Structure formats: C-alpha cells, structure tokens
Amino acid sequence: MKWNAWGSADAAKPLSANISNLLEQVLGVHKADDNGLGVEQVRLRSTAITENDRAALAEIVGEEHISTADADRLYRAGGKSTLDLLRRKSTEEQDAPDAVLAPSNEDEIAAVLAYCSSVRVAVVPFGGGTSVVGGLDPERGQGKAVVSVDLRRFDELHSLDEVSGEAVLGAGVTGPNAEELLRSKGFSLGHFPQSFEFATIGGFAATRSSGQNSAGYGRFDDMILGLRMVTPAGVLDVGRAPASAAGPDLRQLLVGSEGIFGIITQVRVQVHRVPDTTRYEAWNFPDFATGAAALRAVEQTDSGPTVIRLSDEAETGVNLATSDKIGGEQLAGGCLAITLFEGTEAHSASRHAETRDLLLAHGGTSLGEDIARDWQHGRFGAPYLRDALLDSGALCETLETATTWSNLLHLKATVTEVLTSALSETGTPALVLCHISHVYRTGASLYFTVVAGQRGDAIVQWQTVKTAVSQSIVSNGGTITHHHAVGADHRVWMTEEIGDLGIEVLRAVKRTLDPAGILNPGKLIP
C-alpha cells in the first residue's frame, strides 16, 4: 500500500469530470490538486530505541528483520482513516514506531514480548495496515519506545481438512492470498470486506471484520473455529470443537481484542467449496423505507442471498450522477439494491427465485443483472475515490453502526441530521450517503459516507464532527461500531457500549495477559 493513500499507486484514479462538477456545484469545492508530500519531505520523530534494545531485538528476529529506517517506520505510522491520511500531509514532525520487527514464528514473538515487557517498550501488532479507527497509532503509552511487529512472515496455509471444511491460516495471510491458497484446493473462505485486497487473516480476527458476502457466509467472527494468540503471559490456543459447553467461549474474548491482549498467529476458519455458479440481480425501490422492509422480509424468511445491500436515495443519486454504467429509464431515482447468489446451480436458483418473489412482493422492480455485476467488479474501489477527493480539497470519510429493524429509520435520520448540522457549523454543506450492507434477523448495519468541503484545520474539523455523530449513535440505540472496530477513535464510547463493569472485566484480562501493559496502548479500553 502507498504510505499516504489507500492501496497501490497503479489503482489510483483521478476524479472524473462528473464528480468534479458535483463537488463544485453542490459543495463549492474547487479542484485543488494537492498531491501531498514526497517521502523525502516527511519528518518523523527520532527513534527512541537504544542501541542495546536494538541489538537485543535483532538477536531474537535476526538483523535482516529489524529496521529503524524512516522508510520502514513511515509505512507503519498508522492506518488509512481520513485522519491518518490528513496527518500524512503535514510538514510537522509525525509519529511513527521506533522500530519495525518481522518475527517468523511464535517463539520469536514470545521472546520479543518478554524483552519488551522487561524494558518498557510498547508493541503494536501490524497486519495489512488498513485500520480506519486509529488502531495502529504508534503510541508509547507508559513505555520509553514503541515497536511495530509485522506479521507478514506468518503467511502459510498450515492445514486444510477437506472433510470437515476447516482451514488453519497464518495471521499474516492477506485476503487475496487466502483465496488463492484455498482455491488451489477447490475451497474458498468467502470473506470480502472492502479492505480485502490488503488486510490479513489476523487483522480480520482482531477487529471482528464483516465482509460484503456476510449474508451468505457470516461475519468473520462467525467463521472462526479456533485461534492461537501469543501473550506476554503465555500462549492461548482456543477452540476445540464445532460447539462446546465447556464454560465461556474464550474465542469471543480474543476475537475483537485489537492487539491489546496478545498477538494472533494462527486462525482456524470454516471454509466451503468454490461455488459452481453466481447469479446476479439488481433492484430499484421507491424509497429507503420500502427497500429496508424488503430486505428485512428476505432475511427473516431465510431465503438466503449471498449478498444483499441497499443504497439510500442520496447514494443512489450520486451513483447515477457519477457513473456511466448506472442509469437509463429503469433507474431514474429511488433506491438501488444488489443481490448475489452463490452455490450449486440448483440451490442458487431456488434461493434466487424465492428472494425475487419476496422483493417483488415488497415493492421492488428488477433491473436485471448488469448493474449487480458492475458492482461486484468495482466493489473494492471506493477508498481510491476518497484519496482523490481529499487531494481535491474535499473532506471524505465513512462511519458505520448497526441497530434493530424497528430503530433503523430513526437512527439513520438522526445520524444524517447530526452530520449535516455539525458540518454546516464548520461552514460547509455536506453530502451524506447511506447504505445497508449487512443484515440480520433482528436488524441491520448502516454505513454512511460523508463528503464536504475542508474548512480550516481539516483534522480538527472532522474530529469535532465525528465526536458529535458518535455520541448521537450511542444515544439513539446504535452500536459505536459494526465492523470498523474500536481502536483509538471509538474507545471513549466503550463505557456506554458495555458499561463500567464490562470495562473492568477487560482491564482484568489485560492485567492477566499483559501485566506490563505494553500491547497496543491507547486502544479499545478507555
């Protein structure tokens, strides 16, 4: 990934004329062509790793697998949130880990954690670098320095049980590599979050990731059968059988722990045979409420689409205005929905037919399969558009939540109003777009994209807005995060999420597994 943008340089695209015109007409944003700093212009804080500490860590992982060079530290200086990318544009001194380590096995990780605990050096686990909530901020906490532990060498498919449908993958395996390794043997994981191209198996587990195919295959935490985590107190190996009544499920304590308890090294996941076929159909609904009711009917009937998602009127309108592939008389307004069905020919056809009947009965109009195919082809590209928007002087960020079906429309309206009002107070109009991308029997996620003009210090501007909208989410029945995780950005709201006693439980676990408090300071626990 680029150090100052999402993804690879080859995939970056300039703003289209349609989007540039939309920015100018609606938001008053004139194309600025801010390409940011060159690598040679970035100033990082000086490394605080002493020569003795460096020598000791090199003895553990090997001299070729430790670096204090600015070029290596910069790439692990944070994640890929809008705040991260705005900070990368600063000419001021920037935070970065004091060293980067790349251990090759659990023994080396254990030795690194033991040494860092003894000399008060903080440790931030690093997978694909795609966090958008400050989960990789290189905070030293109470330590004298902080190191990034890169899991890229944990990149193997350790085993595949074709009879049971289980695979053990190293924590550093990326999404594409996982699919490549499994597909070579006729299997697929089926986890496709927007970070898929760069994020890792360990990162998926550490953040409770949810992929775009969650309607068919579940969230990543649904896929996890077991995992191994190296902590300063020892190794945890949890998950023995498909189901168990042997006390509390420790998998659920470690999944979503965001690197504060230990470093995940292996994950055992359920996998499925590569689907024989995929069926596609796009839909139009007259309004968001009608579309949401239709999605609820599908989910509560268990008709079984692999993907089902709904854009609101604003998101659909922007797609119409900015795409040369979506349009025509069939989609002149309303709300766009996408459905995909994977499996055998017979099973996918039966699920498709039942879902189709439900959507028609609930006010949907079929748009055929082309729009759904186009969505699948470009579904990992949205973050590249954000890069171009930021470079053009626009403020663009995403946020998400989930709530019950009965509260869905209220929460959506409230969040939209708070975002619009808060940005207006900074002196800019805003476009607030929303879609449902994950559905459950009792509720659904809401994913918001916000585009506005940058005003003054854009970092302060967004922090002010994010604080207001986060409080509105938790005050109106939503979770502070459905799949982006907590990190540094959301941890202040964790008390409202799980209560004072819940926080004390997490602190007690932290004291037991990480008594020196070196692991990922400043994340998850307020």
# chains A, B, ... in the order shown; residues from 1 in each chain; ligands from 1
>>> residues_around(residues="stretch 175-188 of chain A", least_positions_apart="4", cutoff="9 Å", atoms="only C-alpha atoms", output="list in words")
Asp155, Glu156, Leu157, Leu160, Glu162, Gly165, Ala167, Leu169, Phe192, Pro193, Ser195, Phe196, Glu197, Phe198, Ala199, Thr200, Ile201, Val271, His272, Arg273, Val274 and Pro275 of chain A
>>> residues_around(residues="A:Gln194", least_positions_apart="4", cutoff="9 Å", atoms="only C-alpha atoms", output="PyMOL selection string")
chain A and resi 211-212+379-383
>>> closest_residue(among="A:Asp312, A:Asp137, A:Asp237, A:Asp357", to="A:Ala488", atoms="only C-alpha atoms")
A:Asp137
>>> atom_distance(atom1="atom CA of A:His490", atom2="atom CA of A:Ile525")
9.5 Å
>>> residues_around(residues="A:Gly79", least_positions_apart="6", cutoff="7 Å", atoms="only C-alpha atoms", output="number ranges by chain")
A: 129-132, 134, 136
>>> write_last_selection(atoms="all heavy atoms", output="mmCIF file, in the first residue's frame")
data_model
loop_
_atom_site.group_PDB
_atom_site.id
_atom_site.type_symbol
_atom_site.label_atom_id
_atom_site.label_comp_id
_atom_site.auth_asym_id
_atom_site.auth_seq_id
_atom_site.Cartn_x
_atom_site.Cartn_y
_atom_site.Cartn_z
ATOM 1 N N GLY A 129 -2.336 -3.030 7.643
ATOM 2 C CA GLY A 129 -2.260 -1.576 7.761
ATOM 3 C C GLY A 129 -3.518 -0.852 7.331
ATOM 4 O O GLY A 129 -3.455 0.324 6.987
ATOM 5 N N THR A 130 -4.674 -1.513 7.384
ATOM 6 C CA THR A 130 -5.903 -0.918 6.833
ATOM 7 C C THR A 130 -6.834 -0.337 7.889
ATOM 8 O O THR A 130 -7.950 0.069 7.562
ATOM 9 C CB THR A 130 -6.691 -1.966 6.022
ATOM 10 O OG1 THR A 130 -7.056 -3.052 6.868
ATOM 11 C CG2 THR A 130 -5.859 -2.473 4.851
ATOM 12 N N SER A 131 -6.431 -0.268 9.136
ATOM 13 C CA SER A 131 -7.310 0.267 10.179
ATOM 14 C C SER A 131 -7.780 1.675 9.824
ATOM 15 O O SER A 131 -7.012 2.507 9.343
ATOM 16 C CB SER A 131 -6.579 0.322 11.528
ATOM 17 O OG SER A 131 -7.357 1.016 12.486
ATOM 18 N N VAL A 132 -9.063 1.946 10.089
ATOM 19 C CA VAL A 132 -9.608 3.287 9.848
ATOM 20 C C VAL A 132 -10.116 3.917 11.143
ATOM 21 O O VAL A 132 -10.886 4.876 11.115
ATOM 22 C CB VAL A 132 -10.728 3.267 8.785
ATOM 23 C CG1 VAL A 132 -10.165 2.912 7.420
ATOM 24 C CG2 VAL A 132 -11.850 2.319 9.180
ATOM 25 N N GLY A 134 -7.768 4.403 14.014
ATOM 26 C CA GLY A 134 -6.623 4.664 14.882
ATOM 27 C C GLY A 134 -6.094 3.427 15.571
ATOM 28 O O GLY A 134 -5.377 3.528 16.571
ATOM 29 N N LEU A 136 -3.787 1.481 14.731
ATOM 30 C CA LEU A 136 -2.336 1.281 14.568
ATOM 31 C C LEU A 136 -1.528 2.484 15.035
ATOM 32 O O LEU A 136 -0.319 2.549 14.773
ATOM 33 C CB LEU A 136 -2.019 0.991 13.095
ATOM 34 C CG LEU A 136 -2.642 -0.288 12.538
ATOM 35 C CD1 LEU A 136 -2.417 -0.369 11.030
ATOM 36 C CD2 LEU A 136 -2.069 -1.517 13.226
#
>>> residues_around(residues="stretch 245-262 of chain A", least_positions_apart="2", cutoff="7 Å", atoms="only C-alpha atoms", output="list of chain:residue names")
A:Pro125, A:Ala205, A:Ala206, A:Thr207, A:Arg208, A:Asp221, A:Gly226, A:Met229, A:Val230, A:Thr231, A:Val238, A:Gly239, A:Ile264, A:Lys510, A:Leu513, A:Asp514, A:Leu519, A:Asn520
>>> write_last_selection(atoms="N, CA and C atoms", output="mmCIF file, in the first residue's frame")
data_model
loop_
_atom_site.group_PDB
_atom_site.id
_atom_site.type_symbol
_atom_site.label_atom_id
_atom_site.label_comp_id
_atom_site.auth_asym_id
_atom_site.auth_seq_id
_atom_site.Cartn_x
_atom_site.Cartn_y
_atom_site.Cartn_z
ATOM 1 N N PRO A 125 0.915 -4.688 17.106
ATOM 2 C CA PRO A 125 0.854 -5.693 16.039
ATOM 3 C C PRO A 125 0.414 -5.048 14.722
ATOM 4 N N ALA A 205 -9.572 -11.155 12.353
ATOM 5 C CA ALA A 205 -9.967 -11.698 13.656
ATOM 6 C C ALA A 205 -9.856 -10.655 14.755
ATOM 7 N N ALA A 206 -8.806 -9.876 14.731
ATOM 8 C CA ALA A 206 -8.561 -8.904 15.802
ATOM 9 C C ALA A 206 -9.579 -7.780 15.816
ATOM 10 N N THR A 207 -10.273 -7.558 14.689
ATOM 11 C CA THR A 207 -11.200 -6.431 14.594
ATOM 12 C C THR A 207 -12.655 -6.834 14.367
ATOM 13 N N ARG A 208 -12.960 -8.126 14.421
ATOM 14 C CA ARG A 208 -14.330 -8.609 14.143
ATOM 15 C C ARG A 208 -14.820 -8.096 12.787
ATOM 16 N N ASP A 221 -16.129 -13.311 12.529
ATOM 17 C CA ASP A 221 -16.188 -13.977 13.826
ATOM 18 C C ASP A 221 -17.087 -15.207 13.776
ATOM 19 N N GLY A 226 -11.252 -21.507 15.808
ATOM 20 C CA GLY A 226 -10.208 -21.512 16.822
ATOM 21 C C GLY A 226 -9.109 -20.545 16.433
ATOM 22 N N MET A 229 -2.980 -17.301 20.102
ATOM 23 C CA MET A 229 -2.520 -15.957 20.439
ATOM 24 C C MET A 229 -1.336 -16.061 21.391
ATOM 25 N N VAL A 230 -0.250 -15.378 21.050
ATOM 26 C CA VAL A 230 0.910 -15.300 21.934
ATOM 27 C C VAL A 230 0.766 -14.046 22.784
ATOM 28 N N THR A 231 0.783 -14.212 24.090
ATOM 29 C CA THR A 231 0.675 -13.097 25.028
ATOM 30 C C THR A 231 1.944 -13.040 25.874
ATOM 31 N N VAL A 238 -7.294 -21.591 21.598
ATOM 32 C CA VAL A 238 -8.704 -21.722 21.958
ATOM 33 C C VAL A 238 -9.515 -22.230 20.776
ATOM 34 N N GLY A 239 -10.592 -22.962 21.088
ATOM 35 C CA GLY A 239 -11.462 -23.526 20.063
ATOM 36 C C GLY A 239 -11.104 -24.960 19.783
ATOM 37 N N ILE A 264 -2.167 -12.455 17.593
ATOM 38 C CA ILE A 264 -2.752 -13.630 16.937
ATOM 39 C C ILE A 264 -1.767 -14.150 15.893
ATOM 40 N N LYS A 510 -6.657 -7.785 30.663
ATOM 41 C CA LYS A 510 -5.425 -7.101 30.226
ATOM 42 C C LYS A 510 -4.318 -7.275 31.265
ATOM 43 N N LEU A 513 -3.020 -11.022 31.068
ATOM 44 C CA LEU A 513 -2.288 -11.437 29.871
ATOM 45 C C LEU A 513 -1.119 -10.513 29.541
ATOM 46 N N ASP A 514 -1.219 -9.257 29.928
ATOM 47 C CA ASP A 514 -0.203 -8.256 29.579
ATOM 48 C C ASP A 514 0.101 -7.402 30.807
ATOM 49 N N LEU A 519 1.106 -3.896 25.239
ATOM 50 C CA LEU A 519 0.466 -4.212 23.962
ATOM 51 C C LEU A 519 -0.538 -3.145 23.534
ATOM 52 N N ASN A 520 -0.256 -2.530 22.383
ATOM 53 C CA ASN A 520 -1.127 -1.572 21.701
ATOM 54 C C ASN A 520 -1.770 -0.573 22.646
#
>>> closest_residue(among="A:Ala58, A:Ala171, A:Ala294, A:Leu189", to="A:Val269", atoms="only C-alpha atoms")
A:Leu189
>>> residues_around(residues="A:Glu417", least_positions_apart="2", cutoff="12 Å", atoms="only C-alpha atoms", output="PDB file with C-alpha atoms, in the first residue's frame")
ATOM      1  CA  HIS A 410     -34.919   6.644  13.256  1.00  0.00           C
ATOM      2  CA  LEU A 411     -31.179   6.099  13.679  1.00  0.00           C
ATOM      3  CA  LYS A 412     -30.483   6.762  10.009  1.00  0.00           C
ATOM      4  CA  ALA A 413     -32.411  10.041  10.097  1.00  0.00           C
ATOM      5  CA  THR A 414     -30.737  11.139  13.330  1.00  0.00           C
ATOM      6  CA  VAL A 415     -27.201  10.413  12.161  1.00  0.00           C
ATOM      7  CA  LEU A 419     -23.682  15.005  10.296  1.00  0.00           C
ATOM      8  CA  THR A 420     -25.338  17.685   8.171  1.00  0.00           C
ATOM      9  CA  SER A 421     -25.718  20.116  11.078  1.00  0.00           C
ATOM     10  CA  ALA A 422     -22.242  19.560  12.501  1.00  0.00           C
ATOM     11  CA  LEU A 423     -20.592  20.121   9.131  1.00  0.00           C
ATOM     12  CA  SER A 424     -22.772  23.166   8.494  1.00  0.00           C
ATOM     13  CA  PRO A 429     -22.666  21.929   3.127  1.00  0.00           C
ATOM     14  CA  ALA A 430     -22.426  18.153   3.085  1.00  0.00           C
ATOM     15  CA  LEU A 431     -23.467  15.124   1.121  1.00  0.00           C
ATOM     16  CA  VAL A 432     -24.461  12.288   3.456  1.00  0.00           C
ATOM     17  CA  LEU A 433     -24.911   8.930   1.754  1.00  0.00           C
ATOM     18  CA  VAL A 450     -19.775  11.863   4.159  1.00  0.00           C
ATOM     19  CA  VAL A 465     -17.974  16.230  13.627  1.00  0.00           C
ATOM     20  CA  ALA A 468     -20.926  14.701  17.694  1.00  0.00           C
ATOM     21  CA  VAL A 469     -22.110  11.885  15.451  1.00  0.00           C
ATOM     22  CA  SER A 472     -25.671  10.568  18.622  1.00  0.00           C
ATOM     23  CA  ILE A 473     -25.197   6.934  17.576  1.00  0.00           C
TER      24      ILE A 473
END
>>> closest_residue(among="A:Asp161, A:Gly218, A:Leu151, A:Val318", to="A:Gln266", atoms="only C-alpha atoms")
A:Leu151
>>> closest_residue(among="A:Val121, A:Gly333, A:Val147, A:Val42", to="A:Asn284", atoms="only C-alpha atoms")
A:Gly333
>>> closest_residue(among="A:Thr277, A:Ser46, A:Ser445, A:Ser303", to="A:Glu342", atoms="only C-alpha atoms")
A:Thr277
>>> atom_distance(atom1="atom CA of A:Asp374", atom2="atom CA of A:Trp3")
28.9 Å
>>> select_by_dssp(residues="stretch 198-339 of chain A", states="helix (DSSP H, G or I)", output="number ranges by chain")
A: 201-206, 214-217, 220-223, 251-254, 288-301, 313-322, 329-331
>>> residues_around(residues="stretch 386-402 of chain A", least_positions_apart="3", cutoff="7 Å", atoms="only C-alpha atoms", output="list in words")
Ala5, Trp6, Pro14, Leu15, Val29, Lys31, Ala32, Asp33, Asp34, Asn35, Thr82, Ala382, Pro383, Ala444, Ser445, Leu446, Tyr447, Phe448, Thr449, Val450, Val451, Ala452, Gly453, Gln454, Gly478, Thr479, Ile480, Thr481 and His482 of chain A
>>> write_last_selection(atoms="N, CA and C atoms", output="PDB file, in the first residue's frame")
ATOM      1  N   ALA A   5      -1.804   7.064   1.146  1.00  0.00           N
ATOM      2  CA  ALA A   5      -3.095   6.883   0.476  1.00  0.00           C
ATOM      3  C   ALA A   5      -3.492   5.428   0.617  1.00  0.00           C
ATOM      4  N   TRP A   6      -4.693   5.124   0.139  1.00  0.00           N
ATOM      5  CA  TRP A   6      -5.167   3.746   0.174  1.00  0.00           C
ATOM      6  C   TRP A   6      -4.576   2.959  -0.989  1.00  0.00           C
ATOM      7  N   PRO A  14      -7.812   9.562 -10.999  1.00  0.00           N
ATOM      8  CA  PRO A  14      -8.201  10.957 -10.784  1.00  0.00           C
ATOM      9  C   PRO A  14      -9.717  11.080 -10.758  1.00  0.00           C
ATOM     10  N   LEU A  15     -10.202  12.186 -10.238  1.00  0.00           N
ATOM     11  CA  LEU A  15     -11.642  12.430 -10.230  1.00  0.00           C
ATOM     12  C   LEU A  15     -12.159  12.585 -11.651  1.00  0.00           C
ATOM     13  N   VAL A  29     -16.524  23.009  -3.748  1.00  0.00           N
ATOM     14  CA  VAL A  29     -15.135  22.563  -3.685  1.00  0.00           C
ATOM     15  C   VAL A  29     -14.533  22.653  -5.072  1.00  0.00           C
ATOM     16  N   LYS A  31     -11.303  22.056  -7.562  1.00  0.00           N
ATOM     17  CA  LYS A  31     -10.208  21.086  -7.647  1.00  0.00           C
ATOM     18  C   LYS A  31      -8.883  21.740  -7.264  1.00  0.00           C
ATOM     19  N   ALA A  32      -8.225  21.160  -6.244  1.00  0.00           N
ATOM     20  CA  ALA A  32      -7.015  21.773  -5.704  1.00  0.00           C
ATOM     21  C   ALA A  32      -5.745  21.067  -6.144  1.00  0.00           C
ATOM     22  N   ASP A  33      -5.876  19.799  -6.565  1.00  0.00           N
ATOM     23  CA  ASP A  33      -4.708  19.009  -6.983  1.00  0.00           C
ATOM     24  C   ASP A  33      -3.603  19.014  -5.939  1.00  0.00           C
ATOM     25  N   ASP A  34      -3.974  18.685  -4.694  1.00  0.00           N
ATOM     26  CA  ASP A  34      -2.992  18.575  -3.627  1.00  0.00           C
ATOM     27  C   ASP A  34      -2.437  17.165  -3.629  1.00  0.00           C
ATOM     28  N   ASN A  35      -1.239  17.005  -4.107  1.00  0.00           N
ATOM     29  CA  ASN A  35      -0.636  15.678  -4.186  1.00  0.00           C
ATOM     30  C   ASN A  35       0.145  15.309  -2.924  1.00  0.00           C
ATOM     31  N   THR A  82      -9.308   8.773   7.237  1.00  0.00           N
ATOM     32  CA  THR A  82      -9.124  10.131   6.719  1.00  0.00           C
ATOM     33  C   THR A  82      -8.180  10.921   7.613  1.00  0.00           C
ATOM     34  N   ALA A 382     -13.848   2.018  -3.765  1.00  0.00           N
ATOM     35  CA  ALA A 382     -14.296   3.269  -3.142  1.00  0.00           C
ATOM     36  C   ALA A 382     -13.198   4.023  -2.394  1.00  0.00           C
ATOM     37  N   PRO A 383     -12.304   3.346  -1.649  1.00  0.00           N
ATOM     38  CA  PRO A 383     -11.264   4.107  -0.941  1.00  0.00           C
ATOM     39  C   PRO A 383     -10.343   4.899  -1.864  1.00  0.00           C
ATOM     40  N   ALA A 444     -29.915  -4.516  11.181  1.00  0.00           N
ATOM     41  CA  ALA A 444     -29.014  -4.333  10.036  1.00  0.00           C
ATOM     42  C   ALA A 444     -27.978  -3.270  10.358  1.00  0.00           C
ATOM     43  N   SER A 445     -26.939  -3.238   9.541  1.00  0.00           N
ATOM     44  CA  SER A 445     -25.930  -2.187   9.649  1.00  0.00           C
ATOM     45  C   SER A 445     -26.374  -0.964   8.846  1.00  0.00           C
ATOM     46  N   LEU A 446     -25.822   0.177   9.212  1.00  0.00           N
ATOM     47  CA  LEU A 446     -25.958   1.414   8.439  1.00  0.00           C
ATOM     48  C   LEU A 446     -24.556   1.935   8.178  1.00  0.00           C
ATOM     49  N   TYR A 447     -24.210   2.143   6.926  1.00  0.00           N
ATOM     50  CA  TYR A 447     -22.869   2.585   6.538  1.00  0.00           C
ATOM     51  C   TYR A 447     -23.001   3.948   5.865  1.00  0.00           C
ATOM     52  N   PHE A 448     -22.395   4.956   6.470  1.00  0.00           N
ATOM     53  CA  PHE A 448     -22.509   6.327   5.985  1.00  0.00           C
ATOM     54  C   PHE A 448     -21.218   6.777   5.307  1.00  0.00           C
ATOM     55  N   THR A 449     -21.359   7.457   4.195  1.00  0.00           N
ATOM     56  CA  THR A 449     -20.246   8.149   3.543  1.00  0.00           C
ATOM     57  C   THR A 449     -20.555   9.633   3.562  1.00  0.00           C
ATOM     58  N   VAL A 450     -19.586  10.421   4.003  1.00  0.00           N
ATOM     59  CA  VAL A 450     -19.775  11.863   4.159  1.00  0.00           C
ATOM     60  C   VAL A 450     -18.786  12.593   3.257  1.00  0.00           C
ATOM     61  N   VAL A 451     -19.287  13.517   2.462  1.00  0.00           N
ATOM     62  CA  VAL A 451     -18.430  14.342   1.613  1.00  0.00           C
ATOM     63  C   VAL A 451     -18.791  15.800   1.871  1.00  0.00           C
ATOM     64  N   ALA A 452     -17.788  16.601   2.159  1.00  0.00           N
ATOM     65  CA  ALA A 452     -17.994  18.029   2.449  1.00  0.00           C
ATOM     66  C   ALA A 452     -16.762  18.794   2.010  1.00  0.00           C
ATOM     67  N   GLY A 453     -16.751  20.093   2.246  1.00  0.00           N
ATOM     68  CA  GLY A 453     -15.568  20.895   1.959  1.00  0.00           C
ATOM     69  C   GLY A 453     -14.650  20.945   3.162  1.00  0.00           C
ATOM     70  N   GLN A 454     -13.350  20.927   2.935  1.00  0.00           N
ATOM     71  CA  GLN A 454     -12.404  21.115   4.037  1.00  0.00           C
ATOM     72  C   GLN A 454     -12.429  22.577   4.455  1.00  0.00           C
ATOM     73  N   GLY A 478     -27.731   2.776  18.642  1.00  0.00           N
ATOM     74  CA  GLY A 478     -26.794   2.114  17.744  1.00  0.00           C
ATOM     75  C   GLY A 478     -25.545   1.665  18.467  1.00  0.00           C
ATOM     76  N   THR A 479     -24.822   0.710  17.871  1.00  0.00           N
ATOM     77  CA  THR A 479     -23.510   0.350  18.391  1.00  0.00           C
ATOM     78  C   THR A 479     -22.480   1.340  17.865  1.00  0.00           C
ATOM     79  N   ILE A 480     -21.433   1.587  18.636  1.00  0.00           N
ATOM     80  CA  ILE A 480     -20.421   2.551  18.218  1.00  0.00           C
ATOM     81  C   ILE A 480     -19.670   2.072  16.979  1.00  0.00           C
ATOM     82  N   THR A 481     -19.669   0.752  16.749  1.00  0.00           N
ATOM     83  CA  THR A 481     -19.059   0.248  15.520  1.00  0.00           C
ATOM     84  C   THR A 481     -19.619  -1.122  15.196  1.00  0.00           C
ATOM     85  N   HIS A 482     -19.961  -1.325  13.939  1.00  0.00           N
ATOM     86  CA  HIS A 482     -20.435  -2.634  13.480  1.00  0.00           C
ATOM     87  C   HIS A 482     -19.294  -3.487  12.958  1.00  0.00           C
TER      88      HIS A 482
END
>>> closest_residue(among="A:Gly456, A:Pro97, A:Gly443, A:Gly127", to="A:Glu299", atoms="only C-alpha atoms")
A:Gly443
>>> residues_around(residues="stretch 521-523 of chain A", least_positions_apart="6", cutoff="6 Å", atoms="only C-alpha atoms", output="PyMOL selection string")
chain A and resi 139+141+487-488
>>> decode(residues="stretch 104-120 of chain A", atoms="N, CA and C atoms", output="compact mmCIF listing (two decimals), in the first residue's frame")
# COMPACT_ATOMS: atom_id res chain seq x y z
N SER A 104 9.36 -14.57 12.72
CA SER A 104 8.98 -15.64 11.81
C SER A 104 8.20 -16.76 12.48
N ASN A 105 8.17 -16.79 13.81
CA ASN A 105 7.48 -17.88 14.49
C ASN A 105 7.03 -17.43 15.87
N GLU A 106 6.27 -18.29 16.54
CA GLU A 106 5.71 -17.93 17.84
C GLU A 106 6.79 -17.77 18.90
N ASP A 107 7.83 -18.56 18.83
CA ASP A 107 8.91 -18.43 19.81
C ASP A 107 9.54 -17.04 19.73
N GLU A 108 9.74 -16.56 18.52
CA GLU A 108 10.32 -15.22 18.38
C GLU A 108 9.37 -14.15 18.91
N ILE A 109 8.07 -14.30 18.64
CA ILE A 109 7.11 -13.33 19.17
C ILE A 109 7.13 -13.36 20.69
N ALA A 110 7.13 -14.55 21.28
CA ALA A 110 7.15 -14.65 22.73
C ALA A 110 8.40 -13.99 23.31
N ALA A 111 9.53 -14.20 22.65
CA ALA A 111 10.78 -13.59 23.14
C ALA A 111 10.74 -12.07 23.00
N VAL A 112 10.18 -11.57 21.90
CA VAL A 112 10.03 -10.13 21.72
C VAL A 112 9.16 -9.54 22.82
N LEU A 113 8.02 -10.20 23.10
CA LEU A 113 7.11 -9.68 24.13
C LEU A 113 7.77 -9.73 25.51
N ALA A 114 8.52 -10.77 25.79
CA ALA A 114 9.20 -10.87 27.08
C ALA A 114 10.23 -9.77 27.24
N TYR A 115 11.01 -9.54 26.18
CA TYR A 115 12.03 -8.50 26.27
C TYR A 115 11.40 -7.12 26.39
N CYS A 116 10.40 -6.85 25.55
CA CYS A 116 9.77 -5.52 25.59
C CYS A 116 9.08 -5.27 26.92
N SER A 117 8.52 -6.31 27.53
CA SER A 117 7.92 -6.16 28.85
C SER A 117 8.97 -5.78 29.89
N SER A 118 10.16 -6.36 29.75
CA SER A 118 11.21 -6.13 30.75
C SER A 118 11.83 -4.74 30.66
N VAL A 119 11.78 -4.12 29.47
CA VAL A 119 12.43 -2.82 29.29
C VAL A 119 11.43 -1.70 28.99
N ARG A 120 10.14 -2.00 29.12
CA ARG A 120 9.08 -1.00 28.92
C ARG A 120 9.08 -0.42 27.49
